[in-house]
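Here is the file target.cif (mmCIF, C-alpha atoms).
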data_work
#
loop_
_atom_site.group_PDB
_atom_site.id
_atom_site.type_symbol
_atom_site.label_atom_id
_atom_site.label_comp_id
_atom_site.auth_asym_id
_atom_site.auth_seq_id
_atom_site.Cartn_x
_atom_site.Cartn_y
_atom_site.Cartn_z
ATOM 1 C CA MET A 5 -53.340 19.990 -14.853
ATOM 2 C CA PRO A 6 -53.030 20.579 -11.080
ATOM 3 C CA GLU A 7 -53.985 17.892 -8.559
ATOM 4 C CA GLY A 8 -53.910 15.225 -11.270
ATOM 5 C CA GLU A 9 -53.573 11.502 -10.731
ATOM 6 C CA LEU A 10 -51.589 9.172 -12.923
ATOM 7 C CA GLY A 11 -53.853 6.656 -14.607
ATOM 8 C CA GLU A 12 -53.056 4.103 -17.271
ATOM 9 C CA VAL A 13 -49.430 3.670 -18.329
ATOM 10 C CA THR A 14 -48.198 1.476 -21.152
ATOM 11 C CA LEU A 15 -44.698 0.792 -22.383
ATOM 12 C CA ALA A 16 -44.332 -0.969 -25.707
ATOM 13 C CA ASP A 17 -41.384 -1.984 -27.849
ATOM 14 C CA ALA A 18 -41.062 -1.175 -31.542
ATOM 15 C CA ALA A 19 -43.145 -4.234 -32.448
ATOM 16 C CA GLY A 20 -45.990 -3.024 -30.216
ATOM 17 C CA ALA A 21 -45.518 -5.658 -27.514
ATOM 18 C CA ALA A 22 -46.427 -4.180 -24.116
ATOM 19 C CA LEU A 23 -44.261 -4.647 -21.034
ATOM 20 C CA PRO A 24 -45.999 -5.241 -17.693
ATOM 21 C CA GLY A 25 -45.340 -2.733 -14.918
ATOM 22 C CA THR A 26 -46.825 -1.051 -11.865
ATOM 23 C CA VAL A 27 -47.334 2.506 -10.613
ATOM 24 C CA GLN A 28 -45.405 3.151 -7.421
ATOM 25 C CA GLN A 29 -45.828 6.115 -5.080
ATOM 26 C CA GLU A 30 -44.303 6.437 -1.629
ATOM 27 C CA ASP A 31 -46.460 7.723 1.214
ATOM 28 C CA GLY A 32 -46.512 11.535 1.175
ATOM 29 C CA ALA A 33 -44.732 11.781 -2.181
ATOM 30 C CA ASP A 34 -46.125 14.160 -4.815
ATOM 31 C CA THR A 35 -44.854 12.130 -7.749
ATOM 32 C CA ALA A 36 -45.940 8.689 -8.909
ATOM 33 C CA VAL A 37 -43.502 6.475 -10.793
ATOM 34 C CA TRP A 38 -44.301 3.657 -13.202
ATOM 35 C CA ALA A 39 -41.716 0.850 -13.116
ATOM 36 C CA PRO A 40 -41.446 -2.141 -15.472
ATOM 37 C CA GLU A 41 -41.536 -5.578 -13.875
ATOM 38 C CA THR A 42 -38.440 -6.694 -15.807
ATOM 39 C CA PRO A 43 -35.366 -4.700 -16.900
ATOM 40 C CA LEU A 44 -35.443 -3.111 -20.325
ATOM 41 C CA ALA A 45 -33.323 -4.625 -23.082
ATOM 42 C CA TYR A 46 -30.201 -2.944 -24.393
ATOM 43 C CA GLY A 47 -30.340 -1.141 -27.755
ATOM 44 C CA THR A 48 -34.147 -1.249 -27.965
ATOM 45 C CA GLN A 49 -36.698 1.425 -28.865
ATOM 46 C CA TYR A 50 -39.685 1.849 -26.550
ATOM 47 C CA THR A 51 -42.757 4.080 -26.530
ATOM 48 C CA LEU A 52 -44.193 5.209 -23.203
ATOM 49 C CA THR A 53 -47.822 6.359 -23.089
ATOM 50 C CA ALA A 54 -49.388 7.751 -19.911
ATOM 51 C CA THR A 55 -52.823 9.133 -19.018
ATOM 52 C CA ALA A 56 -53.557 11.471 -16.102
ATOM 53 C CA VAL A 57 -56.926 12.665 -14.736
ATOM 54 C CA ASN A 58 -57.560 15.788 -12.650
ATOM 55 C CA ALA A 59 -60.198 16.479 -10.002
ATOM 56 C CA ASP A 60 -62.658 17.575 -12.700
ATOM 57 C CA ALA A 61 -62.297 14.216 -14.446
ATOM 58 C CA GLU A 62 -60.411 15.842 -17.300
ATOM 59 C CA ALA A 63 -57.970 13.440 -18.909
ATOM 60 C CA ALA A 64 -54.740 14.136 -20.742
ATOM 61 C CA THR A 65 -52.500 11.674 -22.565
ATOM 62 C CA ALA A 66 -48.823 12.061 -23.398
ATOM 63 C CA SER A 67 -46.334 9.772 -25.052
ATOM 64 C CA ALA A 68 -42.574 9.669 -25.601
ATOM 65 C CA THR A 69 -40.283 7.403 -27.568
ATOM 66 C CA PHE A 70 -36.757 6.571 -26.458
ATOM 67 C CA THR A 71 -34.002 4.055 -27.164
ATOM 68 C CA THR A 72 -31.932 2.320 -24.494
ATOM 69 C CA VAL A 73 -28.137 2.364 -24.579
ATOM 70 C CA THR A 74 -26.198 0.052 -26.899
ATOM 71 C CA PRO A 75 -23.009 -0.956 -25.028
ATOM 72 C CA ASP A 76 -19.681 -1.311 -26.791
ATOM 73 C CA THR A 77 -18.977 -4.357 -24.603
ATOM 74 C CA LEU A 78 -21.057 -6.529 -22.268
ATOM 75 C CA SER A 79 -19.345 -8.096 -19.257
ATOM 76 C CA THR A 80 -20.264 -10.907 -16.875
ATOM 77 C CA PRO A 81 -17.731 -11.581 -14.103
ATOM 78 C CA SER A 82 -16.653 -14.966 -12.821
ATOM 79 C CA ILE A 83 -17.194 -15.587 -9.099
ATOM 80 C CA GLY A 84 -15.557 -17.897 -6.589
ATOM 81 C CA PRO A 85 -16.433 -19.941 -4.602
ATOM 82 C CA LEU A 86 -18.640 -21.805 -7.035
ATOM 83 C CA ASP A 87 -22.370 -22.169 -6.556
ATOM 84 C CA GLY A 88 -23.155 -25.035 -4.163
ATOM 85 C CA GLN A 89 -19.552 -25.417 -2.964
ATOM 86 C CA THR A 90 -18.524 -25.894 0.668
ATOM 87 C CA VAL A 91 -15.304 -24.115 1.639
ATOM 88 C CA GLY A 92 -13.265 -23.394 4.737
ATOM 89 C CA VAL A 93 -13.417 -20.312 6.943
ATOM 90 C CA GLY A 94 -10.536 -18.588 5.152
ATOM 91 C CA MET A 95 -11.925 -18.541 1.620
ATOM 92 C CA PRO A 96 -12.653 -14.999 0.402
ATOM 93 C CA ILE A 97 -15.221 -14.200 -2.245
ATOM 94 C CA ARG A 98 -13.366 -13.358 -5.478
ATOM 95 C CA VAL A 99 -14.924 -11.597 -8.465
ATOM 96 C CA TYR A 100 -12.970 -11.425 -11.735
ATOM 97 C CA PHE A 101 -13.801 -9.228 -14.750
ATOM 98 C CA ASP A 102 -12.710 -9.793 -18.349
ATOM 99 C CA GLU A 103 -12.255 -6.072 -18.946
ATOM 100 C CA PRO A 104 -10.915 -3.317 -16.634
ATOM 101 C CA VAL A 105 -13.637 -1.696 -14.524
ATOM 102 C CA ALA A 106 -13.483 2.095 -14.802
ATOM 103 C CA ASP A 107 -16.366 2.855 -12.421
ATOM 104 C CA LYS A 108 -15.553 0.567 -9.500
ATOM 105 C CA ALA A 109 -17.993 2.327 -7.171
ATOM 106 C CA ALA A 110 -20.946 1.648 -9.495
ATOM 107 C CA VAL A 111 -20.024 -2.027 -9.672
ATOM 108 C CA GLU A 112 -19.336 -2.415 -5.953
ATOM 109 C CA ARG A 113 -22.696 -0.874 -5.035
ATOM 110 C CA ASN A 114 -24.341 -3.738 -6.903
ATOM 111 C CA LEU A 115 -22.353 -6.592 -5.318
ATOM 112 C CA LEU A 116 -24.415 -7.750 -2.345
ATOM 113 C CA VAL A 117 -23.220 -10.358 0.161
ATOM 114 C CA THR A 118 -25.584 -11.886 2.728
ATOM 115 C CA SER A 119 -24.917 -14.676 5.209
ATOM 116 C CA SER A 120 -26.967 -16.717 7.663
ATOM 117 C CA THR A 121 -24.725 -15.327 10.403
ATOM 118 C CA PRO A 122 -24.138 -11.651 9.577
ATOM 119 C CA THR A 123 -20.539 -10.435 9.298
ATOM 120 C CA ASP A 124 -18.777 -7.081 9.038
ATOM 121 C CA GLY A 125 -17.219 -7.940 5.684
ATOM 122 C CA GLY A 126 -16.187 -5.556 2.933
ATOM 123 C CA TRP A 127 -14.791 -5.414 -0.599
ATOM 124 C CA ASN A 128 -11.189 -4.673 -1.570
ATOM 125 C CA TRP A 129 -10.074 -4.022 -5.165
ATOM 126 C CA PHE A 130 -6.876 -5.927 -5.925
ATOM 127 C CA SER A 131 -6.756 -4.513 -9.460
ATOM 128 C CA ASP A 132 -9.001 -3.033 -12.163
ATOM 129 C CA THR A 133 -10.256 -6.555 -12.928
ATOM 130 C CA GLU A 134 -10.372 -8.236 -9.499
ATOM 131 C CA VAL A 135 -12.235 -7.503 -6.255
ATOM 132 C CA HIS A 136 -12.395 -9.657 -3.090
ATOM 133 C CA PHE A 137 -14.757 -9.744 -0.100
ATOM 134 C CA ARG A 138 -13.929 -10.990 3.388
ATOM 135 C CA PRO A 139 -14.947 -10.315 7.018
ATOM 136 C CA SER A 140 -12.545 -8.697 9.494
ATOM 137 C CA GLN A 141 -11.896 -12.165 10.966
ATOM 138 C CA TYR A 142 -12.252 -15.627 9.442
ATOM 139 C CA TRP A 143 -15.820 -16.546 8.477
ATOM 140 C CA PRO A 144 -17.981 -18.106 11.216
ATOM 141 C CA GLU A 145 -18.107 -21.867 10.685
ATOM 142 C CA ASN A 146 -21.157 -23.741 9.387
ATOM 143 C CA ILE A 147 -22.977 -20.834 7.757
ATOM 144 C CA ASP A 148 -24.516 -20.148 4.348
ATOM 145 C CA VAL A 149 -23.358 -17.256 2.171
ATOM 146 C CA ARG A 150 -24.937 -15.726 -0.941
ATOM 147 C CA VAL A 151 -23.474 -13.293 -3.457
ATOM 148 C CA ASP A 152 -25.866 -11.305 -5.651
ATOM 149 C CA ALA A 153 -24.046 -9.590 -8.510
ATOM 150 C CA ASN A 154 -26.891 -7.333 -9.685
ATOM 151 C CA LEU A 155 -24.946 -5.983 -12.630
ATOM 152 C CA TYR A 156 -27.431 -5.996 -15.523
ATOM 153 C CA GLY A 157 -27.832 -2.420 -16.715
ATOM 154 C CA VAL A 158 -24.881 -1.180 -14.633
ATOM 155 C CA ASP A 159 -22.436 1.103 -16.441
ATOM 156 C CA PHE A 160 -18.906 -0.154 -15.688
ATOM 157 C CA GLY A 161 -17.466 2.851 -17.527
ATOM 158 C CA ALA A 162 -15.427 3.056 -20.746
ATOM 159 C CA GLY A 163 -18.288 1.625 -22.827
ATOM 160 C CA ILE A 164 -18.662 -1.580 -20.773
ATOM 161 C CA TRP A 165 -22.009 -2.532 -19.223
ATOM 162 C CA GLY A 166 -23.202 -5.445 -17.106
ATOM 163 C CA GLU A 167 -24.537 -8.285 -19.241
ATOM 164 C CA LYS A 168 -26.718 -10.021 -16.650
ATOM 165 C CA ASN A 169 -27.359 -10.605 -12.964
ATOM 166 C CA ARG A 170 -25.704 -13.553 -11.218
ATOM 167 C CA ALA A 171 -26.286 -15.223 -7.856
ATOM 168 C CA VAL A 172 -23.903 -17.662 -6.165
ATOM 169 C CA SER A 173 -24.650 -19.495 -2.925
ATOM 170 C CA PHE A 174 -22.075 -21.503 -0.998
ATOM 171 C CA ALA A 175 -21.474 -22.890 2.487
ATOM 172 C CA ILE A 176 -18.728 -22.353 5.040
ATOM 173 C CA GLY A 177 -17.758 -25.649 6.655
ATOM 174 C CA GLU A 178 -16.001 -26.548 9.897
ATOM 175 C CA ARG A 179 -13.328 -24.180 11.219
ATOM 176 C CA HIS A 180 -9.947 -25.712 10.341
ATOM 177 C CA VAL A 181 -7.059 -23.401 11.237
ATOM 178 C CA SER A 182 -3.588 -24.932 11.581
ATOM 179 C CA VAL A 183 -0.426 -23.248 12.859
ATOM 180 C CA ALA A 184 2.866 -24.353 11.277
ATOM 181 C CA ASP A 185 5.835 -23.001 13.248
ATOM 182 C CA ALA A 186 9.115 -23.123 11.344
ATOM 183 C CA SER A 187 11.055 -22.274 14.512
ATOM 184 C CA THR A 188 9.703 -25.231 16.521
ATOM 185 C CA TYR A 189 9.312 -27.631 13.548
ATOM 186 C CA GLN A 190 5.740 -28.426 14.625
ATOM 187 C CA MET A 191 2.298 -27.966 13.085
ATOM 188 C CA GLN A 192 -0.734 -27.813 15.347
ATOM 189 C CA VAL A 193 -4.042 -28.689 13.703
ATOM 190 C CA TYR A 194 -7.283 -27.343 15.164
ATOM 191 C CA ASP A 195 -10.834 -28.486 14.514
ATOM 192 C CA GLY A 196 -12.816 -25.530 15.808
ATOM 193 C CA ASP A 197 -11.209 -24.627 19.136
ATOM 194 C CA GLN A 198 -9.937 -28.161 19.750
ATOM 195 C CA LEU A 199 -6.321 -29.129 19.096
ATOM 196 C CA VAL A 200 -6.637 -32.467 17.286
ATOM 197 C CA GLN A 201 -3.091 -33.125 16.009
ATOM 198 C CA THR A 202 0.466 -31.950 16.517
ATOM 199 C CA PHE A 203 2.745 -33.051 13.687
ATOM 200 C CA PRO A 204 6.519 -32.819 13.340
ATOM 201 C CA ILE A 205 7.349 -30.907 10.155
ATOM 202 C CA SER A 206 10.223 -29.633 8.097
ATOM 203 C CA ALA A 207 9.551 -26.207 6.601
ATOM 204 C CA GLY A 208 11.525 -24.171 4.078
ATOM 205 C CA SER A 209 15.295 -24.232 4.453
ATOM 206 C CA PRO A 210 17.254 -21.029 5.232
ATOM 207 C CA GLU A 211 17.933 -20.759 1.490
ATOM 208 C CA ASN A 212 14.264 -21.320 0.582
ATOM 209 C CA PRO A 213 12.225 -20.249 3.636
ATOM 210 C CA SER A 214 8.460 -20.617 3.811
ATOM 211 C CA TYR A 215 6.495 -17.367 3.812
ATOM 212 C CA ASN A 216 4.921 -16.195 7.062
ATOM 213 C CA GLY A 217 1.251 -15.413 7.424
ATOM 214 C CA PRO A 218 -2.164 -17.011 6.904
ATOM 215 C CA HIS A 219 -2.202 -19.280 3.852
ATOM 216 C CA VAL A 220 -5.503 -20.435 2.320
ATOM 217 C CA VAL A 221 -5.860 -23.962 0.931
ATOM 218 C CA THR A 222 -6.797 -23.660 -2.747
ATOM 219 C CA GLU A 223 -6.126 -27.065 -4.269
ATOM 220 C CA MET A 224 -5.660 -30.703 -3.246
ATOM 221 C CA ASN A 225 -3.887 -33.397 -5.254
ATOM 222 C CA ARG A 226 -3.635 -37.042 -4.231
ATOM 223 C CA ASP A 227 -0.563 -37.303 -6.482
ATOM 224 C CA ARG A 228 1.432 -34.400 -7.873
ATOM 225 C CA VAL A 229 4.779 -33.738 -9.513
ATOM 226 C CA MET A 230 6.623 -30.847 -7.863
ATOM 227 C CA ASP A 231 8.347 -28.944 -10.654
ATOM 228 C CA SER A 232 10.682 -26.032 -9.875
ATOM 229 C CA SER A 233 10.158 -24.561 -13.347
ATOM 230 C CA THR A 234 6.605 -23.555 -12.344
ATOM 231 C CA TYR A 235 8.118 -20.721 -10.278
ATOM 232 C CA GLY A 236 11.053 -19.884 -12.524
ATOM 233 C CA VAL A 237 13.801 -22.331 -11.504
ATOM 234 C CA PRO A 238 14.805 -24.605 -14.428
ATOM 235 C CA VAL A 239 14.599 -28.296 -13.633
ATOM 236 C CA ASP A 240 18.148 -28.863 -14.911
ATOM 237 C CA SER A 241 19.654 -26.075 -12.788
ATOM 238 C CA PRO A 242 21.559 -26.796 -9.532
ATOM 239 C CA ASP A 243 18.480 -25.828 -7.480
ATOM 240 C CA GLY A 244 15.973 -27.377 -9.874
ATOM 241 C CA TYR A 245 13.849 -30.451 -9.229
ATOM 242 C CA ARG A 246 10.999 -32.534 -10.568
ATOM 243 C CA THR A 247 9.741 -34.748 -7.769
ATOM 244 C CA PRO A 248 6.557 -36.847 -7.492
ATOM 245 C CA VAL A 249 4.789 -36.392 -4.134
ATOM 246 C CA GLU A 250 1.647 -37.689 -2.449
ATOM 247 C CA PHE A 251 -1.142 -35.934 -0.524
ATOM 248 C CA ALA A 252 -0.330 -32.408 -1.730
ATOM 249 C CA VAL A 253 -2.398 -29.578 -0.193
ATOM 250 C CA ARG A 254 -1.651 -26.292 -1.977
ATOM 251 C CA LEU A 255 -1.194 -23.220 0.231
ATOM 252 C CA SER A 256 -0.121 -20.571 -2.296
ATOM 253 C CA ASP A 257 0.650 -19.925 -5.944
ATOM 254 C CA SER A 258 4.353 -19.606 -5.121
ATOM 255 C CA GLY A 259 4.757 -23.371 -4.804
ATOM 256 C CA GLU A 260 4.020 -23.888 -1.098
ATOM 257 C CA PHE A 261 2.228 -27.128 -0.217
ATOM 258 C CA VAL A 262 1.763 -29.422 2.745
ATOM 259 C CA HIS A 263 2.765 -32.817 1.343
ATOM 260 C CA ALA A 264 4.266 -36.197 2.106
ATOM 261 C CA ALA A 265 8.063 -36.186 2.113
ATOM 262 C CA PRO A 266 9.319 -39.589 3.287
ATOM 263 C CA TRP A 267 12.875 -38.579 2.349
ATOM 264 C CA SER A 268 12.947 -35.902 5.102
ATOM 265 C CA VAL A 269 11.358 -37.840 7.978
ATOM 266 C CA ALA A 270 14.674 -37.731 9.887
ATOM 267 C CA GLN A 271 14.636 -33.903 9.697
ATOM 268 C CA GLN A 272 10.947 -33.465 10.490
ATOM 269 C CA GLY A 273 10.710 -32.067 14.004
ATOM 270 C CA ASN A 274 14.255 -30.721 14.117
ATOM 271 C CA THR A 275 15.477 -29.110 10.852
ATOM 272 C CA ASN A 276 14.038 -27.106 7.962
ATOM 273 C CA VAL A 277 15.209 -28.573 4.651
ATOM 274 C CA SER A 278 12.368 -28.100 2.126
ATOM 275 C CA HIS A 279 12.112 -25.721 -0.832
ATOM 276 C CA GLY A 280 9.374 -23.811 1.032
ATOM 277 C CA CYS A 281 6.783 -26.547 1.533
ATOM 278 C CA ILE A 282 5.665 -28.105 4.793
ATOM 279 C CA ASN A 283 7.059 -31.649 4.755
ATOM 280 C CA MET A 284 5.384 -34.473 6.684
ATOM 281 C CA SER A 285 5.607 -38.215 6.872
ATOM 282 C CA THR A 286 3.344 -40.050 4.439
ATOM 283 C CA GLU A 287 1.032 -41.169 7.244
ATOM 284 C CA ASN A 288 0.665 -37.661 8.675
ATOM 285 C CA ALA A 289 0.276 -36.072 5.244
ATOM 286 C CA ARG A 290 -2.465 -38.558 4.400
ATOM 287 C CA TRP A 291 -4.347 -37.619 7.581
ATOM 288 C CA PHE A 292 -4.026 -33.894 6.871
ATOM 289 C CA PHE A 293 -5.074 -34.343 3.229
ATOM 290 C CA GLU A 294 -8.236 -36.196 4.247
ATOM 291 C CA PHE A 295 -8.971 -33.604 6.963
ATOM 292 C CA SER A 296 -8.532 -30.560 4.720
ATOM 293 C CA LEU A 297 -10.953 -28.545 2.622
ATOM 294 C CA PRO A 298 -10.317 -25.723 0.120
ATOM 295 C CA GLY A 299 -10.580 -22.528 2.121
ATOM 296 C CA ASP A 300 -8.979 -23.979 5.268
ATOM 297 C CA VAL A 301 -6.184 -21.898 6.790
ATOM 298 C CA VAL A 302 -2.567 -22.751 7.566
ATOM 299 C CA GLU A 303 -0.851 -19.955 9.471
ATOM 300 C CA ILE A 304 2.917 -20.197 8.979
ATOM 301 C CA GLN A 305 5.088 -18.453 11.545
ATOM 302 C CA GLY A 306 8.655 -18.462 12.838
ATOM 303 C CA SER A 307 10.226 -18.292 9.377
ATOM 304 C CA SER A 308 13.000 -15.964 8.282
ATOM 305 C CA ALA A 309 11.068 -15.114 5.118
ATOM 306 C CA GLY A 310 8.781 -12.148 4.661
ATOM 307 C CA THR A 311 4.992 -12.152 4.640
ATOM 308 C CA LEU A 312 3.052 -14.162 2.086
ATOM 309 C CA ARG A 313 2.182 -12.544 -1.238
ATOM 310 C CA SER A 314 0.043 -14.884 -3.288
ATOM 311 C CA ASP A 315 -3.143 -14.981 -5.345
ATOM 312 C CA ILE A 316 -4.966 -15.245 -2.000
ATOM 313 C CA HIS A 317 -3.101 -13.241 0.630
ATOM 314 C CA ASP A 318 -6.249 -11.523 1.887
ATOM 315 C CA TRP A 319 -5.697 -12.296 5.572
ATOM 316 C CA THR A 320 -2.237 -10.702 5.610
ATOM 317 C CA ILE A 321 -3.847 -7.294 4.939
ATOM 318 C CA PRO A 322 -4.758 -5.351 8.116
ATOM 319 C CA TRP A 323 -8.500 -4.682 8.399
ATOM 320 C CA ASP A 324 -8.233 -0.887 8.177
ATOM 321 C CA GLU A 325 -6.081 -1.222 5.066
ATOM 322 C CA TRP A 326 -8.547 -3.739 3.648
ATOM 323 C CA GLN A 327 -11.460 -1.339 4.154
ATOM 324 C CA ALA A 328 -9.504 1.435 2.455
ATOM 325 C CA GLY A 329 -9.411 -0.742 -0.663
ATOM 326 C CA SER A 330 -13.163 -0.287 -1.173
ATOM 327 C CA ALA A 331 -14.228 2.009 -4.023
ATOM 328 C CA LEU A 332 -16.990 3.352 -1.769
ATOM 329 C CA LYS A 333 -14.647 4.757 0.889
#
What is this structure when it is put down as structure tokens?
Amino acid sequence: MPEGELGEVTLADAAGAALPGTVQQEDGADTAVWAPETPLAYGTQYTLTATAVNADAEAATASATFTTVTPDTLSTPSIGPLDGQTVGVGMPIRVYFDEPVADKAAVERNLLVTSSTPTDGGWNWFSDTEVHFRPSQYWPENIDVRVDANLYGVDFGAGIWGEKNRAVSFAIGERHVSVADASTYQMQVYDGDQLVQTFPISAGSPENPSYNGPHVVTEMNRDRVMDSSTYGVPVDSPDGYRTPVEFAVRLSDSGEFVHAAPWSVAQQGNTNVSHGCINMSTENARWFFEFSLPGDVVEIQGSSAGTLRSDIHDWTIPWDEWQAGSALK
């Protein structure tokens, strides 16, 4: 039927319930497309009926029945930061999957990040189950960010499909970037571009040096027990310990914190004696604890240790290497 026009289209499930939809045709296109207003359900039979009319007002009707895919497994990832949270300028977006993602490109194409101040950010796959997003530099301060994980109907590969769409919105707070120098035994604290505090510190000893590189604050505890067994050193060994501390600001998953250490005040400002943490007086640690926010950055330098490797070591990865970790490159 040449020169025909698409007329009425209906799509109904097996029970006869019709789904609303609209006919869409781009300017200059020869083909019209009917699209449902809502995504189709998994494992469901549908019948599509369409009518077309030609220039002579002759009508023709055709119908087809089909069944949508039934996934072996449905997957919904977890996303951090949490919806409604305010974080510091160093906090990356982290997406975790319960099952390995075989088709990373398909998933990444459907992870959309928008921000009130646009950035040049990109995704980097840390593993088959974890992908992070960050800009080339720290986030701009005082902006809003939204993550749309439009994964319903997306084939992850290996029989796994997206269970639903998710959206997470969060805020970036004030720019807090501190520089802890193990060679000068000082930590400079910046609020934006302004230096607001310089604290004497004691960093990791030569036997237990602190790691160099940008550390991201992930956790804050008013009171905490430092336990060497959490990173593989038995408490009852010669190098073991179990010590209560105050005002603990976690910097990594390898046991590095900024915390109060009244027992090392005499060494703060002149000697590194800690097990890798940044030691401060109780008064200074209290100030830093109250100033800090998850996602703030502490850049450690001047240590004899190597570069940080932690659950969040995103900012130690050069930008070109980070971009190469995208599945779309």
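If you look at atom CA of A:Ser285 and atom CA of A:Val262, they are 10.4 Å away from each other.
The shortest atom-to-atom distance to A:Tyr100, with all atoms listed in the file taken into account, belongs to A:Ser131 out of A:Ser67, A:Ser232, A:Ser241, A:Ser131.
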**OP:** Run the PyMOL selection byres ((chain A and resi 189-200) around 9) against the file shown and list the residues it catches, as a list in words.
**Re:** Glu145, Glu178, Arg179, His180, Val181, Ser182, Val183, Ala184, Asp185, Ala186, Ser187, Thr188, Gln201, Thr202, Phe203, Pro204, Ile205, Ser206, Ala207, Gln272, Gly273, Asn274, Thr275, Asn276, Ile282, Phe292, Val302 and Ile304 of chain A
Create the file for the chosen residues now, containing C-alpha atoms and written as an mmCIF file, keeping the file's coordinate frame.
data_model
loop_
_atom_site.group_PDB
_atom_site.id
_atom_site.type_symbol
_atom_site.label_atom_id
_atom_site.label_comp_id
_atom_site.auth_asym_id
_atom_site.auth_seq_id
_atom_site.Cartn_x
_atom_site.Cartn_y
_atom_site.Cartn_z
ATOM 1 C CA GLU A 145 -18.107 -21.867 10.685
ATOM 2 C CA GLU A 178 -16.001 -26.548 9.897
ATOM 3 C CA ARG A 179 -13.328 -24.180 11.219
ATOM 4 C CA HIS A 180 -9.947 -25.712 10.341
ATOM 5 C CA VAL A 181 -7.059 -23.401 11.237
ATOM 6 C CA SER A 182 -3.588 -24.932 11.581
ATOM 7 C CA VAL A 183 -0.426 -23.248 12.859
ATOM 8 C CA ALA A 184 2.866 -24.353 11.277
ATOM 9 C CA ASP A 185 5.835 -23.001 13.248
ATOM 10 C CA ALA A 186 9.115 -23.123 11.344
ATOM 11 C CA SER A 187 11.055 -22.274 14.512
ATOM 12 C CA THR A 188 9.703 -25.231 16.521
ATOM 13 C CA GLN A 201 -3.091 -33.125 16.009
ATOM 14 C CA THR A 202 0.466 -31.950 16.517
ATOM 15 C CA PHE A 203 2.745 -33.051 13.687
ATOM 16 C CA PRO A 204 6.519 -32.819 13.340
ATOM 17 C CA ILE A 205 7.349 -30.907 10.155
ATOM 18 C CA SER A 206 10.223 -29.633 8.097
ATOM 19 C CA ALA A 207 9.551 -26.207 6.601
ATOM 20 C CA GLN A 272 10.947 -33.465 10.490
ATOM 21 C CA GLY A 273 10.710 -32.067 14.004
ATOM 22 C CA ASN A 274 14.255 -30.721 14.117
ATOM 23 C CA THR A 275 15.477 -29.110 10.852
ATOM 24 C CA ASN A 276 14.038 -27.106 7.962
ATOM 25 C CA ILE A 282 5.665 -28.105 4.793
ATOM 26 C CA PHE A 292 -4.026 -33.894 6.871
ATOM 27 C CA VAL A 302 -2.567 -22.751 7.566
ATOM 28 C CA ILE A 304 2.917 -20.197 8.979
#
Enclose all atoms of stretch 46-64 of chain A listed in the file in an axis-aligned box, grow every side by 4 Å, and hand back centre and edge lengths in Å to one decimal, as lines of an AutoDock Vina configuration file.
center_x = -46.4
center_y = 7.3
center_z = -19.4
size_x = 40.5
size_y = 28.5
size_z = 26.9
Subject >> Close residues, A:His279 itself excluded, 9 Å, all atoms listed in the file, min 4 positions apart in chain, as number ranges by chain >> reply: A: 207-209, 211-214, 259-260
**OP:** Run the PyMOL selection byres ((chain A and resi 9) around 8) on the file and write out the hits as a VMD selection string.
**Re:** chain A and resid 7 to 8 10 to 11 56 to 58
**OP:** Just give me the residues with any atom within 8 Å of (-5.9, -28.6, 0.3), file coordinates, counting all atoms listed in the file, written as a ChimeraX atom specification.
**Re:** /A:221-225,252-255,293,296-300
**OP:** Determine, counting all atoms listed in the file, which protein, DNA and RNA residues have an atom within 9 Å of an atom of stretch 102-119 of chain A; residues of the same chain fewer than 6 positions away are not included. Present the result as a PyMOL selection string.
**Re:** chain A and resi 77+79-82+125-127+129+131-135+137+147-155+158-162+164+166+330-332
Subject >> Residue contacts of A:Met284 (6 Å, only C-alpha atoms) excluding same-chain residues fewer than 5 positions away, as a list of chain:residue names >> reply: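 Listed by chain and then number, they are A:Ile205, A:Ala264, A:Ala265, A:Ala289.
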Quick one: write out the picked residues with C-alpha atoms as a tab-separated table (two decimals), in the frame of the given file?
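Just written: part_20.tsv:
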chain	number	residue	atom	x	y	z
A	205	ILE	CA	7.35	-30.91	10.15
A	264	ALA	CA	4.27	-36.20	2.11
A	265	ALA	CA	8.06	-36.19	2.11
A	289	ALA	CA	0.28	-36.07	5.24
Original post:
Can you list, as a VMD selection string, every protein, DNA or RNA residue that comes within 7 Å of A:Gly329 when you count only C-alpha atoms, leaving out same-chain residues fewer than 3 positions away?
Top reply: chain A and resid 128 to 129 325 to 326
**OP:** Figure out the distance between atom CA of A:Tyr235 and atom CA of A:His219, please, to one decimal in Å.
**Re:**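 It comes out at 17.6 Å.
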